[in-house]
Amino acid sequence: MCNIMLPIVSNSLNRQADSFGGWLTGLSNDLLKISDVQLSVCFPVSSEDGLLSGEVENMKYFGFPQKKLDKHYAKTEEYFAYIIQKVNPDVIHIFGTEFPHTLAMVNTCERLDVVHKVLISIQGLVSVYPIHYYASLPMRIIRGYSFRDFIRRQNMERACKKMLEKGYLEIEALKKVKHITGRTSWDRACTSQINPEAAYHFCNETLRDEFYKHEWSLDQCEPYSITISQASHPIKGAHHMLEALPRILKVFPETRLYVAGYDITKSNTMIEKARLTAYAGYLRELIQKFSLKDHVIFTGILDEKQMCRRYLRSNVFVLPSSIENSPNSLGEAMILGVPCVAADVGGVADMLKHNQEGFVYQADAPYMLAYYVCEIFKNKEKAAVFSQNARIHASLTHNRDMNIMRIMEIYHEAGK
């Protein structure tokens with residue numbers, strides 16, 4: 001069970017494929033190559049009133065109706081009971097703990113006496129994220145409201161409280177299961193404090209196909225260019241990147257920052273102004289304050305191939321988040337060999353060795369972020385060493401064959 005319709009399904013139904021959850025695509029594709037595996041997948045769909053089901057490339061799929069992902073629907077457990085009884089699975093592998101349907105699935109399995117077969121994969125942990133949610137932002141932004149926020153009655157402070165509420169559901173689900181799979185010291189520490197009795201199974205993630213096919217080259221990238229993977233959410237730390245950028249521009253005035261995703265700071269029309277959140281307004285404020293307009297480029301939503309090309313064109317990849325587990329954006333940059341600068345949060349230190357494979361810096365210190373980016377810009381030899389070392393590390397971490405072998409071992413252990 002996962003939170004999105006996999007591209008293999010959406011493509012067969014002529015629907016827009018989700019650009020997130022690349023690890024799910026990688027894992028499902030590898031599982032489908034194993035002859036004695038029968039894979040079924042279920043996911044929420046907001047556009048359906050009843051259960052959506054079918055089969056594509058030997059994979060059965062079930063889309064259960066869910067108009068709002070953050071709401072609990074009693075009917076959901078009925079759908080899950082039907083799916084479980086129809087599939088009769090050896091293992092029920094749940095990705096993501098942040099939505100009520102995870103607890104609904106665990107409760108259904110408990111009622112059907114198959115909860116011992118449940119394996120939960122840790123992506124992030126919404127019960128822990130609220131501690132880091134405000135990401136050193138000014139209190140006026142945390143408690144402030146844009147027009148959109150006021151209409152929706154949802155500012156950062158309320159969003160944090162909502163995340164805390166999701167966290168209670170997450171904790172309840174994790175406490176009931178016998179098997180958890182994760183991949184960092186951080187997620188192991190956090191889950192062991194929630195459920196010390198559950199078996200913890202270590203397994204790295206497989207990335208999207210495109211990122212295994214290419215290799216970054218300093219000669220082919222745009223000099224003095226930086227890429228961050230998104231800016232839509234405060235914990236992704238785009239504001240810290242914007243705070244660091246003026247310091248970088250003093251040394252390298254031709255620097256350009258590419259931000260993957262829509263330009264959430266646009267406010268040229270009434271509609272754009274109405275969509276502006278308080279956080280987006282703060283990013284806009286920083287861009288204006290530091291005269292960054294000509295140096296910040298929002299790329300629009302990028303698919304897998306476009307994102308890969310964006311990385312390959314970058315001189316540096318930056319991860320400025322206030323909290324992460326093991327971000328796939330960093331893994332994708334590393335396996336390509338893009339020199340990386342990443343905030344030392346969550347499980348990042350397990351992925352990127354400081355001053356060997358890239359630079360790791362204190363998350364609330366944008367001045368250190370600026371310093372390390374400049375170090376890579378000015379030192380081609382160091383950039384080359386980081387590139388090579390990061391590729392070696394990431395090639396092991398995200399080794400497709402090793403990861404699929406390990407997940408099969410875990411399935412056998414969890415399915416006993």
# chains A, B, ... in the order shown; residues from 1 in each chain; ligands from 1

$ residues_around --residues "Cys42 of chain A" --least-positions-apart "6" --cutoff "12 Å" --atoms "only C-alpha atoms" --output "short mmCIF file (atom, residue, chain, number, x, y, z; two decimals) with C-alpha atoms, in the first residue's frame"
data_model
loop_
_atom_site.label_atom_id
_atom_site.label_comp_id
_atom_site.auth_asym_id
_atom_site.auth_seq_id
_atom_site.Cartn_x
_atom_site.Cartn_y
_atom_site.Cartn_z
CA MET A 1 0.00 0.00 0.00
CA CYS A 2 1.29 3.43 -0.93
CA ASN A 3 0.07 7.01 -1.12
CA ILE A 4 0.14 7.47 -4.89
CA MET A 5 -1.01 5.72 -8.03
CA LEU A 6 2.12 4.21 -9.54
CA VAL A 9 -1.05 2.14 -13.45
CA LEU A 51 -13.08 0.63 -5.69
CA LEU A 52 -10.92 0.95 -8.82
CA SER A 53 -9.32 -2.37 -9.73
CA GLY A 54 -7.56 -4.06 -12.59
CA GLU A 55 -4.29 -5.61 -13.72
CA MET A 59 0.45 -6.44 -11.29
CA LYS A 60 -3.01 -6.24 -9.71
CA TYR A 61 -4.05 -2.82 -8.51
CA PHE A 62 -6.76 -1.48 -6.22
CA GLY A 63 -7.56 2.21 -5.90
CA PHE A 64 -9.68 2.92 -2.84
CA PRO A 65 -11.78 6.13 -2.71
CA GLN A 66 -10.24 8.86 -0.56
CA THR A 76 -11.88 2.49 3.93
CA TYR A 79 -12.34 -1.83 1.15
CA PHE A 80 -9.15 -3.06 2.83
CA TYR A 82 -12.15 -6.96 0.71
CA ILE A 83 -8.69 -6.45 -0.85
CA ILE A 84 -6.91 -8.58 1.77
CA VAL A 87 -5.41 -11.18 -2.57
CA ILE A 92 1.37 -6.52 3.53
CA HIS A 93 3.98 -3.83 2.90
CA ILE A 94 2.88 -0.30 3.83
CA PHE A 95 4.79 2.74 2.57
CA HIS A 101 -5.35 5.03 5.80
CA THR A 102 -2.12 3.50 7.18
CA MET A 105 -4.97 -0.83 7.09
#

$ residues_around --residues "Asn315 of chain A" --least-positions-apart "5" --cutoff "10 Å" --atoms "only C-alpha atoms" --output "list in words"
Trp216, Ser217, Leu218, Asp219, Gln220, Cys221, Glu222, Pro223, Tyr224, Ser225, Ile226, Thr227, Thr255, Arg256, Val338, Pro339, Cys340, Val373, Ile376, Phe377 and Ala383 of chain A

$ residues_around --residues "segment 355-372 of chain A" --least-positions-apart "3" --cutoff "9 Å" --atoms "only C-alpha atoms" --output "MDAnalysis selection string"
chainID A and resid 135:136 237 240:248 318 320:323 334 339:345 348:349 352 375:377 382:383 385:391 393

$ select_by_dssp --residues "segment 52-116 of chain A" --states "helix (DSSP H, G or I)" --output "ChimeraX atom specification"
/A:74-87,100-111,115-116

$ select_by_dssp --residues "segment 37-270 of chain A" --states "strand (DSSP E)" --output "compact mmCIF listing (two decimals) with N, CA, C and O atoms, in the first residue's frame"
# COMPACT_ATOMS: atom_id res chain seq x y z
N LEU A 39 2.59 -9.52 -7.38
CA LEU A 39 2.51 -8.21 -6.74
C LEU A 39 1.13 -7.59 -6.92
O LEU A 39 0.59 -7.53 -8.03
N SER A 40 0.56 -7.14 -5.80
CA SER A 40 -0.66 -6.35 -5.82
C SER A 40 -0.36 -5.04 -5.11
O SER A 40 0.40 -5.01 -4.14
N VAL A 41 -0.98 -3.96 -5.57
CA VAL A 41 -0.73 -2.65 -4.97
C VAL A 41 -2.06 -1.94 -4.77
O VAL A 41 -2.96 -2.03 -5.61
N CYS A 42 -2.20 -1.27 -3.62
CA CYS A 42 -3.40 -0.45 -3.41
C CYS A 42 -2.99 0.96 -3.02
O CYS A 42 -1.91 1.17 -2.45
N PHE A 43 -3.84 1.92 -3.36
CA PHE A 43 -3.50 3.33 -3.22
C PHE A 43 -4.78 4.15 -3.20
O PHE A 43 -5.83 3.71 -3.70
N PRO A 44 -4.75 5.36 -2.61
CA PRO A 44 -5.95 6.21 -2.59
C PRO A 44 -6.17 6.91 -3.92
O PRO A 44 -5.22 7.27 -4.61
N VAL A 45 -7.43 7.07 -4.29
CA VAL A 45 -7.79 7.85 -5.47
C VAL A 45 -8.93 8.80 -5.10
O VAL A 45 -9.93 8.38 -4.54
N LEU A 52 -11.49 1.05 -7.48
CA LEU A 52 -10.92 0.95 -8.82
C LEU A 52 -9.98 -0.24 -8.83
O LEU A 52 -9.05 -0.30 -8.02
N SER A 53 -10.19 -1.19 -9.72
CA SER A 53 -9.32 -2.37 -9.73
C SER A 53 -9.05 -2.83 -11.15
O SER A 53 -9.80 -2.53 -12.08
N GLY A 54 -7.94 -3.54 -11.29
CA GLY A 54 -7.56 -4.06 -12.59
C GLY A 54 -6.21 -4.73 -12.52
O GLY A 54 -5.69 -5.01 -11.43
N GLU A 55 -5.61 -4.97 -13.67
CA GLU A 55 -4.29 -5.61 -13.72
C GLU A 55 -3.52 -5.02 -14.89
O GLU A 55 -4.07 -4.80 -15.97
N VAL A 56 -2.23 -4.75 -14.66
CA VAL A 56 -1.36 -4.24 -15.71
C VAL A 56 0.01 -4.87 -15.54
O VAL A 56 0.58 -4.89 -14.46
N MET A 59 0.62 -7.05 -12.60
CA MET A 59 0.45 -6.44 -11.29
C MET A 59 -1.02 -6.07 -11.09
O MET A 59 -1.59 -5.34 -11.89
N LYS A 60 -1.63 -6.61 -10.04
CA LYS A 60 -3.01 -6.24 -9.71
C LYS A 60 -2.99 -4.91 -8.96
O LYS A 60 -2.08 -4.64 -8.18
N TYR A 61 -3.98 -4.10 -9.22
CA TYR A 61 -4.05 -2.82 -8.51
C TYR A 61 -5.45 -2.56 -7.99
O TYR A 61 -6.45 -3.02 -8.56
N PHE A 62 -5.50 -1.83 -6.87
CA PHE A 62 -6.76 -1.48 -6.22
C PHE A 62 -6.66 -0.03 -5.75
O PHE A 62 -5.83 0.30 -4.91
N GLY A 63 -7.51 0.82 -6.33
CA GLY A 63 -7.56 2.21 -5.90
C GLY A 63 -8.78 2.42 -5.02
O GLY A 63 -9.90 2.24 -5.46
N PHE A 64 -8.55 2.75 -3.76
CA PHE A 64 -9.68 2.92 -2.84
C PHE A 64 -10.05 4.41 -2.75
O PHE A 64 -9.18 5.28 -2.75
N PRO A 65 -11.34 4.73 -2.72
CA PRO A 65 -11.78 6.13 -2.71
C PRO A 65 -11.28 6.87 -1.47
O PRO A 65 -11.38 6.36 -0.34
N ILE A 92 2.06 -7.77 3.82
CA ILE A 92 1.37 -6.52 3.53
C ILE A 92 2.36 -5.40 3.83
O ILE A 92 2.65 -5.10 4.99
N HIS A 93 2.90 -4.82 2.77
CA HIS A 93 3.98 -3.83 2.90
C HIS A 93 3.38 -2.44 2.75
O HIS A 93 2.87 -2.08 1.69
N ILE A 94 3.45 -1.64 3.82
CA ILE A 94 2.88 -0.30 3.83
C ILE A 94 3.99 0.73 3.72
O ILE A 94 4.95 0.71 4.50
N PHE A 95 3.85 1.62 2.73
CA PHE A 95 4.79 2.74 2.57
C PHE A 95 4.14 4.01 3.08
O PHE A 95 3.07 4.39 2.63
N VAL A 118 2.24 -7.59 8.57
CA VAL A 118 2.40 -6.20 8.15
C VAL A 118 3.84 -5.73 8.33
O VAL A 118 4.44 -5.91 9.39
N LEU A 119 4.36 -5.12 7.29
CA LEU A 119 5.69 -4.50 7.30
C LEU A 119 5.51 -3.04 6.92
O LEU A 119 4.96 -2.72 5.86
N ILE A 120 5.95 -2.12 7.80
CA ILE A 120 5.85 -0.69 7.50
C ILE A 120 7.21 -0.14 7.13
O ILE A 120 8.18 -0.31 7.86
N SER A 121 7.28 0.50 5.97
CA SER A 121 8.49 1.20 5.55
C SER A 121 8.44 2.64 6.07
O SER A 121 7.43 3.32 5.93
N HIS A 179 6.84 -5.58 12.37
CA HIS A 179 7.99 -5.42 11.46
C HIS A 179 8.05 -4.00 10.91
O HIS A 179 7.04 -3.47 10.42
N ILE A 180 9.24 -3.43 10.96
CA ILE A 180 9.50 -2.09 10.43
C ILE A 180 10.77 -2.15 9.60
O ILE A 180 11.75 -2.79 10.00
N THR A 181 10.75 -1.52 8.44
CA THR A 181 11.97 -1.42 7.65
C THR A 181 12.36 0.04 7.47
O THR A 181 11.52 0.90 7.22
N GLY A 182 13.65 0.30 7.67
CA GLY A 182 14.19 1.65 7.54
C GLY A 182 15.59 1.59 6.98
O GLY A 182 16.08 0.52 6.60
N ALA A 199 10.53 -5.76 15.15
CA ALA A 199 11.79 -6.12 14.49
C ALA A 199 12.12 -5.03 13.47
O ALA A 199 11.26 -4.66 12.65
N TYR A 200 13.34 -4.51 13.54
CA TYR A 200 13.78 -3.48 12.60
C TYR A 200 14.61 -4.15 11.51
O TYR A 200 15.61 -4.81 11.79
N HIS A 201 14.20 -3.97 10.26
CA HIS A 201 14.90 -4.57 9.13
C HIS A 201 15.54 -3.45 8.30
O HIS A 201 14.83 -2.58 7.77
N PHE A 202 16.84 -3.48 8.17
CA PHE A 202 17.53 -2.45 7.38
C PHE A 202 17.44 -2.78 5.90
O PHE A 202 17.70 -3.92 5.47
N SER A 225 26.17 27.15 -10.97
CA SER A 225 24.73 26.90 -10.88
C SER A 225 24.44 25.96 -9.71
O SER A 225 25.21 25.05 -9.42
N ILE A 226 23.32 26.21 -9.04
CA ILE A 226 22.89 25.44 -7.88
C ILE A 226 21.48 24.94 -8.15
O ILE A 226 20.65 25.66 -8.71
N THR A 227 21.19 23.72 -7.73
CA THR A 227 19.83 23.19 -7.81
C THR A 227 19.36 22.75 -6.44
O THR A 227 20.11 22.11 -5.70
N ILE A 228 18.11 23.11 -6.08
CA ILE A 228 17.44 22.51 -4.94
C ILE A 228 16.17 21.84 -5.46
O ILE A 228 15.62 22.25 -6.47
N ARG A 256 23.56 31.19 -10.33
CA ARG A 256 22.12 31.04 -10.58
C ARG A 256 21.60 29.87 -9.76
O ARG A 256 22.22 28.80 -9.71
N LEU A 257 20.45 30.08 -9.13
CA LEU A 257 19.80 29.05 -8.33
C LEU A 257 18.58 28.53 -9.07
O LEU A 257 17.67 29.29 -9.42
N TYR A 258 18.53 27.22 -9.32
CA TYR A 258 17.39 26.58 -9.96
C TYR A 258 16.57 25.85 -8.89
O TYR A 258 17.11 25.04 -8.13
N VAL A 259 15.29 26.16 -8.86
CA VAL A 259 14.38 25.57 -7.87
C VAL A 259 13.38 24.70 -8.62
O VAL A 259 12.58 25.20 -9.43

$ closest_residue --among "A:Glu157, A:Glu57, A:Glu170, A:Glu78" --to "Gly96 of chain A" --atoms "only C-alpha atoms"
A:Glu170

$ closest_residue --among "A:Ile235, A:Val296, A:Met156, A:Ile122" --to "Met139 of chain A" --atoms "only C-alpha atoms"
A:Met156

$ closest_residue --among "A:Ser28, A:Ala260, A:Ser10, A:Gly347" --to "Ala189 of chain A" --atoms "only C-alpha atoms"
A:Gly347

$ closest_residue --among "A:Tyr168, A:Tyr411, A:Phe147, A:Tyr282" --to "Met270 of chain A" --atoms "only C-alpha atoms"
A:Phe147

$ residues_around --residues "Gly167 of chain A" --least-positions-apart "6" --cutoff "7 Å" --atoms "only C-alpha atoms" --output "list in words"
Glu98, Val126 and Ser127 of chain A

$ write_last_selection --atoms "all heavy atoms" --output "PDB file, in the first residue's frame"
ATOM      1  N   GLU A  98       2.094   8.681   7.336  1.00  0.00           N
ATOM      2  CA  GLU A  98       1.573  10.000   7.643  1.00  0.00           C
ATOM      3  C   GLU A  98       0.083  10.180   7.394  1.00  0.00           C
ATOM      4  O   GLU A  98      -0.475  11.232   7.703  1.00  0.00           O
ATOM      5  CB  GLU A  98       2.343  11.080   6.864  1.00  0.00           C
ATOM      6  CG  GLU A  98       2.187  11.014   5.363  1.00  0.00           C
ATOM      7  CD  GLU A  98       3.264  10.186   4.666  1.00  0.00           C
ATOM      8  OE1 GLU A  98       3.604   9.112   5.192  1.00  0.00           O
ATOM      9  OE2 GLU A  98       3.738  10.615   3.600  1.00  0.00           O
ATOM     10  N   VAL A 126       6.051  11.810  10.738  1.00  0.00           N
ATOM     11  CA  VAL A 126       5.331  13.045  11.044  1.00  0.00           C
ATOM     12  C   VAL A 126       5.169  13.251  12.549  1.00  0.00           C
ATOM     13  O   VAL A 126       4.843  14.358  12.988  1.00  0.00           O
ATOM     14  CB  VAL A 126       3.945  13.086  10.359  1.00  0.00           C
ATOM     15  CG1 VAL A 126       4.094  13.156   8.864  1.00  0.00           C
ATOM     16  CG2 VAL A 126       3.079  11.896  10.774  1.00  0.00           C
ATOM     17  N   SER A 127       5.416  12.215  13.335  1.00  0.00           N
ATOM     18  CA  SER A 127       5.370  12.385  14.787  1.00  0.00           C
ATOM     19  C   SER A 127       6.630  13.075  15.306  1.00  0.00           C
ATOM     20  O   SER A 127       6.640  13.587  16.425  1.00  0.00           O
ATOM     21  CB  SER A 127       5.197  11.027  15.477  1.00  0.00           C
ATOM     22  OG  SER A 127       6.219  10.124  15.085  1.00  0.00           O
TER      23      SER A 127
END

$ residues_around --residues "Arg148 of chain A" --least-positions-apart "2" --cutoff "10 Å" --atoms "only C-alpha atoms" --output "number ranges by chain"
A: 145-146, 150-155, 273-278

$ closest_atom_pairs --of "segment 391-415 of chain A" --to "segment 207-211 of chain A" --cutoff "12 Å" --atoms "only C-alpha atoms" --output "JSON lines"
{"residue": "A:Arg391", "atom": "CA", "partner": "A:Phe211", "partner_atom": "CA", "distance": 11.1}
{"residue": "A:Ala394", "atom": "CA", "partner": "A:Leu207", "partner_atom": "CA", "distance": 10.1}
{"residue": "A:Ser395", "atom": "CA", "partner": "A:Leu207", "partner_atom": "CA", "distance": 10.3}
{"residue": "A:Leu396", "atom": "CA", "partner": "A:Leu207", "partner_atom": "CA", "distance": 11.9}
{"residue": "A:Thr397", "atom": "CA", "partner": "A:Leu207", "partner_atom": "CA", "distance": 9.9}
{"residue": "A:His398", "atom": "CA", "partner": "A:Leu207", "partner_atom": "CA", "distance": 6.5}
{"residue": "A:Asn399", "atom": "CA", "partner": "A:Leu207", "partner_atom": "CA", "distance": 8.8}
{"residue": "A:Arg400", "atom": "CA", "partner": "A:Leu207", "partner_atom": "CA", "distance": 8.2}
{"residue": "A:Asp401", "atom": "CA", "partner": "A:Leu207", "partner_atom": "CA", "distance": 11.9}
{"residue": "A:Asn403", "atom": "CA", "partner": "A:Leu207", "partner_atom": "CA", "distance": 10.4}
{"residue": "A:Ile404", "atom": "CA", "partner": "A:Leu207", "partner_atom": "CA", "distance": 11.8}

$ closest_residue --among "A:Asn328, A:Thr184, A:Gln288, A:Asn204" --to "Ser229 of chain A" --atoms "only C-alpha atoms"
A:Asn328

$ closest_residue --among "A:Arg111, A:Leu336, A:Gly346, A:Arg310" --to "Ile131 of chain A" --atoms "only C-alpha atoms"
A:Gly346

$ atom_distance --atom1 "atom CA of Arg406 of chain A" --atom2 "atom CA of Glu205 of chain A"
10.2 Å

$ atom_distance --atom1 "atom CA of Lys176 of chain A" --atom2 "atom CA of Asp30 of chain A"
28.8 Å

$ residues_around --residues "Glu215 of chain A" --least-positions-apart "4" --cutoff "8 Å" --atoms "only C-alpha atoms" --output "count of residues only"
4

$ decode --residues "segment 141-169 of chain A" --atoms "N, CA, C and O atoms" --output "JSON list (two decimals), in the first residue's frame"
[["chain", "number", "residue", "atom", "x", "y", "z"],
["A", 141, "ILE", "N", 6.08, 35.03, 10.46],
["A", 141, "ILE", "CA", 5.73, 34.14, 9.35],
["A", 141, "ILE", "C", 5.04, 32.89, 9.89],
["A", 141, "ILE", "O", 4.06, 32.41, 9.31],
["A", 142, "ILE", "N", 5.51, 32.38, 11.00],
["A", 142, "ILE", "CA", 4.92, 31.18, 11.60],
["A", 142, "ILE", "C", 3.47, 31.42, 11.99],
["A", 142, "ILE", "O", 2.59, 30.60, 11.75],
["A", 143, "ARG", "N", 3.20, 32.59, 12.58],
["A", 143, "ARG", "CA", 1.85, 32.90, 13.06],
["A", 143, "ARG", "C", 1.04, 33.76, 12.10],
["A", 143, "ARG", "O", -0.14, 33.99, 12.32],
["A", 144, "GLY", "N", 1.69, 34.24, 11.05],
["A", 144, "GLY", "CA", 1.02, 35.14, 10.12],
["A", 144, "GLY", "C", 0.10, 34.43, 9.15],
["A", 144, "GLY", "O", 0.14, 33.20, 9.01],
["A", 145, "TYR", "N", -0.72, 35.20, 8.48],
["A", 145, "TYR", "CA", -1.68, 34.68, 7.50],
["A", 145, "TYR", "C", -1.57, 35.47, 6.20],
["A", 145, "TYR", "O", -1.56, 36.70, 6.22],
["A", 146, "SER", "N", -1.49, 34.78, 5.10],
["A", 146, "SER", "CA", -1.74, 35.42, 3.81],
["A", 146, "SER", "C", -3.25, 35.39, 3.58],
["A", 146, "SER", "O", -4.00, 34.79, 4.37],
["A", 147, "PHE", "N", -3.71, 35.99, 2.49],
["A", 147, "PHE", "CA", -5.14, 35.93, 2.17],
["A", 147, "PHE", "C", -5.58, 34.48, 2.02],
["A", 147, "PHE", "O", -6.62, 34.07, 2.56],
["A", 148, "ARG", "N", -4.78, 33.69, 1.32],
["A", 148, "ARG", "CA", -5.09, 32.26, 1.12],
["A", 148, "ARG", "C", -5.14, 31.53, 2.45],
["A", 148, "ARG", "O", -6.05, 30.74, 2.72],
["A", 149, "ASP", "N", -4.16, 31.79, 3.30],
["A", 149, "ASP", "CA", -4.12, 31.13, 4.61],
["A", 149, "ASP", "C", -5.35, 31.48, 5.43],
["A", 149, "ASP", "O", -5.92, 30.62, 6.13],
["A", 150, "PHE", "N", -5.75, 32.76, 5.37],
["A", 150, "PHE", "CA", -6.90, 33.21, 6.16],
["A", 150, "PHE", "C", -8.18, 32.51, 5.68],
["A", 150, "PHE", "O", -8.99, 32.05, 6.50],
["A", 151, "ILE", "N", -8.36, 32.45, 4.36],
["A", 151, "ILE", "CA", -9.56, 31.81, 3.81],
["A", 151, "ILE", "C", -9.59, 30.33, 4.21],
["A", 151, "ILE", "O", -10.64, 29.79, 4.57],
["A", 152, "ARG", "N", -8.44, 29.69, 4.14],
["A", 152, "ARG", "CA", -8.36, 28.26, 4.46],
["A", 152, "ARG", "C", -8.18, 28.00, 5.95],
["A", 152, "ARG", "O", -8.17, 26.85, 6.38],
["A", 153, "ARG", "N", -7.98, 29.07, 6.72],
["A", 153, "ARG", "CA", -7.72, 28.95, 8.15],
["A", 153, "ARG", "C", -6.56, 28.00, 8.43],
["A", 153, "ARG", "O", -6.63, 27.10, 9.26],
["A", 154, "GLN", "N", -5.48, 28.21, 7.70],
["A", 154, "GLN", "CA", -4.35, 27.29, 7.76],
["A", 154, "GLN", "C", -3.05, 28.05, 7.60],
["A", 154, "GLN", "O", -2.57, 28.23, 6.50],
["A", 155, "ASN", "N", -2.46, 28.49, 8.70],
["A", 155, "ASN", "CA", -1.12, 29.07, 8.63],
["A", 155, "ASN", "C", -0.11, 28.03, 9.10],
["A", 155, "ASN", "O", -0.46, 26.86, 9.34],
["A", 156, "MET", "N", 1.16, 28.42, 9.25],
["A", 156, "MET", "CA", 2.19, 27.44, 9.62],
["A", 156, "MET", "C", 1.94, 26.85, 10.99],
["A", 156, "MET", "O", 2.14, 25.65, 11.22],
["A", 157, "GLU", "N", 1.50, 27.67, 11.92],
["A", 157, "GLU", "CA", 1.26, 27.20, 13.28],
["A", 157, "GLU", "C", 0.17, 26.13, 13.29],
["A", 157, "GLU", "O", 0.30, 25.09, 13.94],
["A", 158, "ARG", "N", -0.90, 26.38, 12.53],
["A", 158, "ARG", "CA", -1.98, 25.39, 12.45],
["A", 158, "ARG", "C", -1.55, 24.14, 11.69],
["A", 158, "ARG", "O", -1.96, 23.03, 12.02],
["A", 159, "ALA", "N", -0.73, 24.33, 10.66],
["A", 159, "ALA", "CA", -0.24, 23.19, 9.90],
["A", 159, "ALA", "C", 0.62, 22.28, 10.78],
["A", 159, "ALA", "O", 0.58, 21.05, 10.66],
["A", 160, "CYS", "N", 1.40, 22.89, 11.66],
["A", 160, "CYS", "CA", 2.23, 22.11, 12.58],
["A", 160, "CYS", "C", 1.36, 21.30, 13.53],
["A", 160, "CYS", "O", 1.63, 20.13, 13.80],
["A", 161, "LYS", "N", 0.30, 21.92, 14.04],
["A", 161, "LYS", "CA", -0.62, 21.21, 14.93],
["A", 161, "LYS", "C", -1.30, 20.05, 14.20],
["A", 161, "LYS", "O", -1.53, 18.99, 14.77],
["A", 162, "LYS", "N", -1.62, 20.28, 12.93],
["A", 162, "LYS", "CA", -2.24, 19.23, 12.12],
["A", 162, "LYS", "C", -1.28, 18.07, 11.92],
["A", 162, "LYS", "O", -1.67, 16.90, 11.95],
["A", 163, "MET", "N", 0.01, 18.39, 11.74],
["A", 163, "MET", "CA", 1.01, 17.34, 11.61],
["A", 163, "MET", "C", 1.14, 16.55, 12.90],
["A", 163, "MET", "O", 1.31, 15.32, 12.88],
["A", 164, "LEU", "N", 1.05, 17.25, 14.03],
["A", 164, "LEU", "CA", 1.08, 16.56, 15.32],
["A", 164, "LEU", "C", -0.08, 15.57, 15.44],
["A", 164, "LEU", "O", 0.10, 14.45, 15.95],
["A", 165, "GLU", "N", -1.25, 15.97, 14.96],
["A", 165, "GLU", "CA", -2.42, 15.08, 15.00],
["A", 165, "GLU", "C", -2.18, 13.84, 14.15],
["A", 165, "GLU", "O", -2.53, 12.72, 14.53],
["A", 166, "LYS", "N", -1.58, 14.04, 12.96],
["A", 166, "LYS", "CA", -1.22, 12.89, 12.12],
["A", 166, "LYS", "C", -0.22, 12.00, 12.85],
["A", 166, "LYS", "O", -0.22, 10.77, 12.70],
["A", 167, "GLY", "N", 0.67, 12.65, 13.60],
["A", 167, "GLY", "CA", 1.69, 11.90, 14.33],
["A", 167, "GLY", "C", 1.11, 10.93, 15.34],
["A", 167, "GLY", "O", 1.65, 9.85, 15.54],
["A", 168, "TYR", "N", -0.02, 11.30, 15.95],
["A", 168, "TYR", "CA", -0.66, 10.39, 16.90],
["A", 168, "TYR", "C", -1.13, 9.13, 16.19],
["A", 168, "TYR", "O", -1.03, 8.01, 16.73],
["A", 169, "LEU", "N", -1.67, 9.29, 14.98],
["A", 169, "LEU", "CA", -2.11, 8.13, 14.19],
["A", 169, "LEU", "C", -0.91, 7.27, 13.79],
["A", 169, "LEU", "O", -0.98, 6.04, 13.80]]
